[in-house]
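Asker: Pasting a structure below so you can have a look.
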Amino acid sequence: MAAAGQIMAGSSGAFRRKPSLLAWLVFAPLAIWLLLFVILPTGMLVALSFAEQRGLGTIHFTWSLDNYARAFQWTWLKVLLVSVWYAFLTTIICMVLGYPVAYYIGRSGPRTREILLALVMIPFWTSFLIRTYAWITILSKEGLLNTVLMSMNIISEPLTLMYTPFASVLGLVYNFLPFMILPIYSSVERLDGAMIEAAHDLGAGPVRAFSQIIIPLTSPGIAAGALLVFIPSIAMFAITNLMGGGRQPTIGQVIYNQFTAGRNQPFGAALGTLLLIIFILALYLTKRYRKE
Amino acid sequence: MKIKATLIAAAATSLMLIGCGKPAAPTEETPKPESASSPSAAAESAAPDTTEPKRLSIFSWSEYIPQSVIDDFAKETGIKVSVENYASNEEMLAKLMAGGGAYDIIQPSEYVIEALVKEDALHPIDHAAIPNLKNIGPDFLNMAFDPGNKFSVPFMAGTVGIVVNTELVKDEILGYNDVFQDKYKGQIVVLDDAREIVSWAFETLDIPINEVTPENLEKAKPLLQKWLPLVQVYDSDSPKTALLNGDVALGIVWGGEGAKLLQENEKFKWVIPAEGSHLFVDSLAIPKTAKHPKNAELFMNYILRPEVSKLISDEFPYTNPNLAARQLLTPEQLNNPASFPTEEEIKTLKLFKDIGDQASQVDELVTTIKSQ
């Protein structure tokens, strides 16, 4: 993540010399990988979005814009907007929760830092489905949380926590929080303490030092974290289905349906292409924000 | 969706492993097939065609053919079996039509068999190689989607019905209209399947379930707009979870899921909706592109053995069309109304037909109402 940030940041002052044969050889595996697994599938997706599916699933390339015309109908736009909204909410909550954690880890001693970082990453050792299922056993009506609250007489009726928008966002935040913490942490770690001291010496209070010195200096981490949380949470539907009950269709689910029960792969591809454009836009905006 | 189911099953199994510290799967040693000296077994061991390589590629629903059954078949015949799973009929069709992988056995539902036969995509089966077809009940042979069973052998059947948690719901529930009442808002789980949901509305409005036209969809829309906001959970993979955890009190689910709930707790009650429901029949078939059709027929015949079919019923309690296997089931299994509807009920159940391009419209209608 940090490396990616450096490449992005360093691209303006690029190293201009004709690359040697060796450089090409070193680059070749990556180039082949990119071609096979990024460029080719994306090209296929975009091409498919101009086709038409007939009968049992044969694809006919009609090169029409019908699928896009349909994608801009309110039903699908609304699904897209809701998904973007959930992802946005998830990103903001992750930022608010993740920043203090990352800051604390980044500023603590090397020993504590190691332990805390390991704790952030330990949940990744198990499948996210297992972790999501664990949440179900905690949040369901006869689950852990409700049982504890009822036995302590805090509530008399079990709360409806599972299968709500709250549960969806909770599941997303829980799963993506480390993607926010880690890049911010790497920015905080490189933060020069002298800068903060200088701010204080020059009369800045804690609020001012934080907003005018610390935040700008750690902004590459914030931007990288936001991107890493925002993009996967738009299309993530396993969590929103399991924890949200699938009541609010999300764009990932809708695209999946087009490729399966909806029997309209080209339309699914058109929605996928639109999503791709949103991702590119998000990437572009983050990059611009960083240049400022 | 079923991909998810597989992952979840894997996840759940690992949870169980962590939980009890010992593997939960293998229950009891199945009798070694070699030692079984029944005449049918002897006849089969003579049958294998040596001209075909000993390989078989199965493309089946996830969570439908127990692994132990496949292992036993491989052990007995020496055929190397590879299995791929799919999550929906449409997913299977997409792969089959794209020509990916030469599958020897597929497991389509009734309306898909009908469509595949129409497209001339299935290999006719040799009844002489499948003597065990005689075990299948007459109700499940010669069905409208494949007259004379020229292309398919029934595997499992089932229906969709209502599960009621009688501790939470005191009123009598007889049909869809009783489930979708304002007072049960937030208490309902239904299958996450647009065609299913629309068919319930059609039944309620007395529209034939297979006449999926834009006009009929328009007619069903107001009813669905009333129903769907009451639903708390959409889940096709494991709708029993929300019912078991007490998060919802009513469910419209697959028969097999219902059967498991009924086994689990007496408070659950099974109801075949008064408005009507449908019967699904999942069969085994051989695609035209199959490389090992003889081995596929061998597998079909193996699956139809009573003792093998019983093992499948034990794990997945759907309606077993194999009458000889039913004799091996316990009275509890046979009396489970979600597994085995009564004769009268079966007579009222309808079969789905292929709706082709309309699938897209059905999906759009349900998505539109859900996101309102």
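Identifiers in this document derive from the order of the structure tokens: chains are assigned A, B, ..., residues are numbered from 1 separately in each chain, and ligands are numbered from 1 in order of occurrence.
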Identify, on the basis of only C-alpha atoms, every residue whose closest approach to segment 209-222 of chain A does not exceed 8 Å; exclude the query and any residue fewer than 3 positions from it along the same chain; express the result as a list of chain:residue names.
Answerer: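 What passes the distance filter is A:Gly5, A:Met95, A:Met180, A:Pro183, A:Ile184, A:Tyr185, A:Ser186, A:Ser187, A:Val188, A:Leu191, A:Met195, A:Ile196, A:Ala199, A:His200, A:Ala204, A:Gly205, A:Pro206, A:Gly225, A:Ala226, A:Arg290.
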Asker: I need the chosen residues saved as a tab-separated table (two decimals), in the first residue's frame, with C-alpha atoms.
Answerer:
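Once everything was written out, this is selection-v9.tsv:
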chain	number	residue	atom	x	y	z
A	5	GLY	CA	1.43	5.49	-2.77
A	95	MET	CA	-12.04	6.97	8.90
A	180	MET	CA	-8.20	2.10	6.66
A	183	PRO	CA	-2.29	2.98	5.29
A	184	ILE	CA	-2.98	5.76	7.82
A	185	TYR	CA	-0.63	4.04	10.21
A	186	SER	CA	2.14	4.01	7.63
A	187	SER	CA	1.67	7.76	7.11
A	188	VAL	CA	1.63	8.46	10.83
A	191	LEU	CA	5.26	11.75	10.48
A	195	MET	CA	6.90	19.40	12.65
A	196	ILE	CA	4.34	19.03	15.41
A	199	ALA	CA	3.64	23.99	15.27
A	200	HIS	CA	3.31	24.14	19.04
A	204	ALA	CA	-0.67	26.45	17.49
A	205	GLY	CA	-3.06	24.76	19.92
A	206	PRO	CA	-3.75	21.04	19.69
A	225	GLY	CA	-7.33	4.10	3.08
A	226	ALA	CA	-10.48	5.75	1.79
A	290	ARG	CA	-3.43	14.48	-3.16
Asker: Dump as a ChimeraX atom specification the residues of chain A that approach chain B to within 6 Å, counting only C-alpha atoms.
Answerer: /A:57,75,130,141-142,245-246,248,260-262
Asker: Keeping C-alpha atoms, export the residues of the selection given above as a PDB file, in the first residue's frame.
Answerer:
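Just written: selection-v7.pdb:
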ATOM      1  CA  GLY A  57     -27.519 -18.056 -23.110  1.00  0.00           C
ATOM      2  CA  THR A  75     -34.513   1.192 -10.732  1.00  0.00           C
ATOM      3  CA  ILE A 130     -16.783 -17.100   9.426  1.00  0.00           C
ATOM      4  CA  LYS A 141     -32.732 -12.072  18.497  1.00  0.00           C
ATOM      5  CA  GLU A 142     -31.726 -15.087  20.535  1.00  0.00           C
ATOM      6  CA  GLY A 245     -31.104  -9.754   4.858  1.00  0.00           C
ATOM      7  CA  GLY A 246     -30.840  -8.742   1.200  1.00  0.00           C
ATOM      8  CA  GLN A 248     -32.016  -3.520  -0.156  1.00  0.00           C
ATOM      9  CA  THR A 260     -27.417 -15.882 -13.339  1.00  0.00           C
ATOM     10  CA  ALA A 261     -31.184 -15.917 -12.772  1.00  0.00           C
ATOM     11  CA  GLY A 262     -31.814 -12.690 -14.697  1.00  0.00           C
TER      12      GLY A 262
END
Asker: Do you have the atom CA of Thr348 of chain B-atom CA of Ser277 of chain B distance handy?
Answerer: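 Result for atom CA of Thr348 of chain B versus atom CA of Ser277 of chain B: 7.6 Å, one decimal.
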Asker: If we count only C-alpha atoms and set the cut-off at 7 Å, which residues sit around Pro273 of chain B, ignoring sequence neighbours fewer than 3 positions away in its own chain? Please answer as a short mmCIF file (atom, residue, chain, number, x, y, z; two decimals) with N, CA and C atoms, in the first residue's frame.
Answerer:
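part22.cif written:
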data_model
loop_
_atom_site.label_atom_id
_atom_site.label_comp_id
_atom_site.auth_asym_id
_atom_site.auth_seq_id
_atom_site.Cartn_x
_atom_site.Cartn_y
_atom_site.Cartn_z
N GLY B 161 -42.93 -24.28 0.48
CA GLY B 161 -44.05 -24.14 1.40
C GLY B 161 -43.74 -23.17 2.52
N ILE B 162 -44.70 -23.08 3.43
CA ILE B 162 -44.59 -22.11 4.52
C ILE B 162 -44.17 -22.81 5.80
N LEU B 174 -52.62 -20.45 6.48
CA LEU B 174 -52.98 -21.43 5.46
C LEU B 174 -52.34 -21.14 4.11
N GLY B 175 -52.04 -19.87 3.86
CA GLY B 175 -51.51 -19.55 2.54
C GLY B 175 -50.70 -18.27 2.53
N TYR B 176 -50.32 -17.85 1.33
CA TYR B 176 -49.48 -16.66 1.17
C TYR B 176 -50.14 -15.43 1.80
N GLY B 276 -51.77 -22.47 -3.72
CA GLY B 276 -51.09 -23.34 -4.67
C GLY B 276 -49.58 -23.21 -4.55
N SER B 277 -48.89 -24.24 -4.94
CA SER B 277 -47.43 -24.19 -4.94
C SER B 277 -46.96 -25.02 -6.12
#
Asker: To one decimal place, how far is atom CA of Trp125 of chain A from atom CA of Leu283 of chain A in Å?
Answerer: 28.6 Å
Asker: Atom CA of Val46 of chain A to atom CA of Tyr256 of chain A: how many Å, to one decimal?
Answerer: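 That distance, rounded to one decimal, is 16.0 Å.
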Asker: Can you pull out every residue within 9 Å of segment 28-45 of chain A, counting only C-alpha atoms, but drop anything in the same chain fewer than 2 positions away, and send it as an MDAnalysis selection string?
Answerer: chainID A and resid 23:26 47:49 266 269:270 272:273
Asker: Need the shell around Ile251 of chain A: protein/DNA/RNA residues with any atom at most 12 Å away, counting only C-alpha atoms. Skip same-chain ones fewer than 2 positions apart. Format as a count of residues only?
Answerer: 43
Asker: Just the residues within 9 Å of Ile125 of chain B, please, counting only C-alpha atoms, with nothing from its chain fewer than 3 positions along; format it as a ChimeraX atom specification.
Answerer: /B:122,128-130,149-153,285-286,293,297
Asker: Among segment 291-329 of chain B, which ones does DSSP place in helix (DSSP H, G or I), written as a compact mmCIF listing (two decimals) with N, CA and C atoms, in the first residue's frame?
Answerer:
# COMPACT_ATOMS: atom_id res chain seq x y z
N PRO B 293 -20.28 -40.68 -21.87
CA PRO B 293 -21.71 -40.93 -21.61
C PRO B 293 -21.97 -42.29 -20.95
N LYS B 294 -21.17 -43.30 -21.27
CA LYS B 294 -21.37 -44.63 -20.67
C LYS B 294 -21.13 -44.57 -19.16
N ASN B 295 -20.04 -43.89 -18.78
CA ASN B 295 -19.76 -43.75 -17.35
C ASN B 295 -20.87 -42.96 -16.66
N ALA B 296 -21.40 -42.00 -17.39
CA ALA B 296 -22.48 -41.19 -16.83
C ALA B 296 -23.70 -42.06 -16.55
N GLU B 297 -23.99 -42.96 -17.47
CA GLU B 297 -25.14 -43.86 -17.26
C GLU B 297 -24.89 -44.79 -16.07
N LEU B 298 -23.63 -45.21 -15.95
CA LEU B 298 -23.24 -46.03 -14.80
C LEU B 298 -23.51 -45.29 -13.49
N PHE B 299 -23.18 -44.01 -13.51
CA PHE B 299 -23.38 -43.19 -12.31
C PHE B 299 -24.87 -43.01 -12.02
N MET B 300 -25.63 -42.79 -13.08
CA MET B 300 -27.09 -42.64 -12.90
C MET B 300 -27.66 -43.88 -12.25
N ASN B 301 -27.25 -45.04 -12.77
CA ASN B 301 -27.77 -46.29 -12.24
C ASN B 301 -27.36 -46.47 -10.78
N TYR B 302 -26.12 -46.03 -10.47
CA TYR B 302 -25.61 -46.15 -9.10
C TYR B 302 -26.44 -45.30 -8.14
N ILE B 303 -26.70 -44.06 -8.56
CA ILE B 303 -27.47 -43.12 -7.73
C ILE B 303 -28.87 -43.67 -7.46
N PRO B 306 -31.35 -48.21 -4.16
CA PRO B 306 -32.07 -47.78 -2.96
C PRO B 306 -31.14 -47.35 -1.83
N GLU B 307 -30.09 -48.13 -1.57
CA GLU B 307 -29.25 -47.82 -0.40
C GLU B 307 -28.44 -46.53 -0.62
N VAL B 308 -28.12 -46.24 -1.88
CA VAL B 308 -27.39 -45.01 -2.18
C VAL B 308 -28.34 -43.81 -2.08
N SER B 309 -29.50 -43.98 -2.67
CA SER B 309 -30.50 -42.91 -2.66
C SER B 309 -30.91 -42.56 -1.22
N LYS B 310 -30.93 -43.56 -0.36
CA LYS B 310 -31.27 -43.33 1.05
C LYS B 310 -30.24 -42.40 1.69
N LEU B 311 -28.95 -42.63 1.36
CA LEU B 311 -27.90 -41.79 1.95
C LEU B 311 -28.11 -40.33 1.55
N ILE B 312 -28.56 -40.12 0.32
CA ILE B 312 -28.80 -38.75 -0.14
C ILE B 312 -29.96 -38.14 0.64
N SER B 313 -31.01 -38.94 0.83
CA SER B 313 -32.17 -38.46 1.61
C SER B 313 -31.78 -38.11 3.03
N ASP B 314 -30.88 -38.91 3.62
CA ASP B 314 -30.46 -38.65 5.00
C ASP B 314 -29.86 -37.26 5.11
N GLU B 315 -29.07 -36.90 4.09
CA GLU B 315 -28.36 -35.63 4.18
C GLU B 315 -29.19 -34.46 3.67
N LEU B 323 -38.88 -45.00 -4.87
CA LEU B 323 -39.77 -45.69 -3.94
C LEU B 323 -39.05 -46.78 -3.17
N ALA B 324 -38.10 -47.46 -3.81
CA ALA B 324 -37.35 -48.50 -3.12
C ALA B 324 -36.51 -47.91 -2.00
N ALA B 325 -35.99 -46.69 -2.22
CA ALA B 325 -35.20 -46.03 -1.18
C ALA B 325 -36.10 -45.57 -0.04
N ARG B 326 -37.32 -45.18 -0.36
CA ARG B 326 -38.23 -44.72 0.68
C ARG B 326 -38.47 -45.82 1.70
Asker: Please provide as an NGL selection string all residues within 10 Å of Lys347 of chain B, with the sequence filter that same-chain residues fewer than 4 positions apart are discarded (counting only C-alpha atoms).
Answerer: :B and (139 or 279 or 341-343)
